[in-house]
Amino acid sequence: MMALWIIQAIIAAALITFIMLQSPKGEGLGAIGGTATIIKVQKKKEKVLRHISLVLMIAFVMLSLVLLLPFARYV
């Protein structure tokens, strides 16, 4: 059981890292004045980072549900 908690921590750290490596999607506050230019073309690196983040998010949620099962009897 302790190994699952360690894997959960590793997945969480990797998820944070991959999300931080992604480029921002918009111009932020520049969009208020109408100066934002949003280009919907994704580079290969951004697409790979997005897919890895998605897989890590799914793994994190599934592992969270598995780790929650022993505590379900208290609810």
# chains A, B, ... in the order shown; residues from 1 in each chain; ligands from 1
$ residues_around --residues "Thr17 (chain A)" --least-positions-apart "3" --cutoff "12 Å" --atoms "only C-alpha atoms" --output "ChimeraX atom specification"
/A:10-14,20-22,49-50,52-53,56
$ closest_residue --among "A:Ala72, A:Leu54, A:Leu67, A:Val61" --to "Leu4 (chain A)" --atoms "only C-alpha atoms"
A:Leu67
$ closest_residue --among "A:Leu69, A:Met57, A:Val75, A:Leu63" --to "Ile6 (chain A)" --atoms "only C-alpha atoms"
A:Leu63
$ closest_residue --among "A:Arg73, A:Lys47, A:Leu68, A:Val55" --to "Ser23 (chain A)" --atoms "only C-alpha atoms"
A:Lys47
$ atom_distance --atom1 "CA of Ala9 (chain A)" --atom2 "CA of Leu65 (chain A)"
14.3 Å
$ atom_distance --atom1 "CA of Phe18 (chain A)" --atom2 "CA of Ala3 (chain A)"
22.4 Å
$ closest_residue --among "A:Ile58, A:Tyr74, A:Lys43, A:Ser64" --to "Gln8 (chain A)" --atoms "only C-alpha atoms"
A:Ser64
$ decode --residues "region 42-59 of chain A" --atoms "N, CA and C atoms" --output "PDB file, in the first residue's frame"
ATOM      1  N   GLN A  42      -0.787  23.862 -33.257  1.00  0.00           N
ATOM      2  CA  GLN A  42       0.021  23.301 -32.187  1.00  0.00           C
ATOM      3  C   GLN A  42       1.285  22.696 -32.767  1.00  0.00           C
ATOM      4  N   LYS A  43       2.371  22.971 -32.098  1.00  0.00           N
ATOM      5  CA  LYS A  43       3.620  22.353 -32.496  1.00  0.00           C
ATOM      6  C   LYS A  43       3.637  20.928 -31.960  1.00  0.00           C
ATOM      7  N   LYS A  44       4.521  20.118 -32.512  1.00  0.00           N
ATOM      8  CA  LYS A  44       4.586  18.725 -32.116  1.00  0.00           C
ATOM      9  C   LYS A  44       4.948  18.596 -30.640  1.00  0.00           C
ATOM     10  N   LYS A  45       5.855  19.425 -30.151  1.00  0.00           N
ATOM     11  CA  LYS A  45       6.272  19.378 -28.753  1.00  0.00           C
ATOM     12  C   LYS A  45       5.090  19.676 -27.827  1.00  0.00           C
ATOM     13  N   GLU A  46       4.304  20.683 -28.171  1.00  0.00           N
ATOM     14  CA  GLU A  46       3.153  21.037 -27.352  1.00  0.00           C
ATOM     15  C   GLU A  46       2.110  19.928 -27.345  1.00  0.00           C
ATOM     16  N   LYS A  47       1.915  19.279 -28.481  1.00  0.00           N
ATOM     17  CA  LYS A  47       0.942  18.200 -28.576  1.00  0.00           C
ATOM     18  C   LYS A  47       1.382  17.007 -27.726  1.00  0.00           C
ATOM     19  N   VAL A  48       2.677  16.688 -27.767  1.00  0.00           N
ATOM     20  CA  VAL A  48       3.199  15.583 -26.959  1.00  0.00           C
ATOM     21  C   VAL A  48       3.070  15.899 -25.474  1.00  0.00           C
ATOM     22  N   LEU A  49       3.405  17.126 -25.077  1.00  0.00           N
ATOM     23  CA  LEU A  49       3.282  17.522 -23.673  1.00  0.00           C
ATOM     24  C   LEU A  49       1.831  17.448 -23.209  1.00  0.00           C
ATOM     25  N   ARG A  50       0.918  17.850 -24.071  1.00  0.00           N
ATOM     26  CA  ARG A  50      -0.501  17.811 -23.718  1.00  0.00           C
ATOM     27  C   ARG A  50      -0.993  16.381 -23.543  1.00  0.00           C
ATOM     28  N   HIS A  51      -0.552  15.477 -24.414  1.00  0.00           N
ATOM     29  CA  HIS A  51      -0.973  14.084 -24.320  1.00  0.00           C
ATOM     30  C   HIS A  51      -0.381  13.412 -23.081  1.00  0.00           C
ATOM     31  N   ILE A  52       0.885  13.702 -22.788  1.00  0.00           N
ATOM     32  CA  ILE A  52       1.505  13.136 -21.589  1.00  0.00           C
ATOM     33  C   ILE A  52       0.787  13.646 -20.343  1.00  0.00           C
ATOM     34  N   SER A  53       0.441  14.930 -20.333  1.00  0.00           N
ATOM     35  CA  SER A  53      -0.295  15.488 -19.194  1.00  0.00           C
ATOM     36  C   SER A  53      -1.650  14.821 -19.037  1.00  0.00           C
ATOM     37  N   LEU A  54      -2.319  14.567 -20.129  1.00  0.00           N
ATOM     38  CA  LEU A  54      -3.622  13.908 -20.085  1.00  0.00           C
ATOM     39  C   LEU A  54      -3.505  12.497 -19.512  1.00  0.00           C
ATOM     40  N   VAL A  55      -2.507  11.749 -19.958  1.00  0.00           N
ATOM     41  CA  VAL A  55      -2.303  10.388 -19.455  1.00  0.00           C
ATOM     42  C   VAL A  55      -1.979  10.425 -17.958  1.00  0.00           C
ATOM     43  N   LEU A  56      -1.134  11.371 -17.544  1.00  0.00           N
ATOM     44  CA  LEU A  56      -0.793  11.487 -16.128  1.00  0.00           C
ATOM     45  C   LEU A  56      -2.002  11.884 -15.288  1.00  0.00           C
ATOM     46  N   MET A  57      -2.866  12.751 -15.833  1.00  0.00           N
ATOM     47  CA  MET A  57      -4.074  13.133 -15.101  1.00  0.00           C
ATOM     48  C   MET A  57      -4.999  11.934 -14.906  1.00  0.00           C
ATOM     49  N   ILE A  58      -5.171  11.141 -15.943  1.00  0.00           N
ATOM     50  CA  ILE A  58      -6.016   9.961 -15.836  1.00  0.00           C
ATOM     51  C   ILE A  58      -5.429   8.975 -14.830  1.00  0.00           C
ATOM     52  N   ALA A  59      -4.111   8.760 -14.891  1.00  0.00           N
ATOM     53  CA  ALA A  59      -3.455   7.857 -13.945  1.00  0.00           C
ATOM     54  C   ALA A  59      -3.599   8.368 -12.516  1.00  0.00           C
TER      55      ALA A  59
END
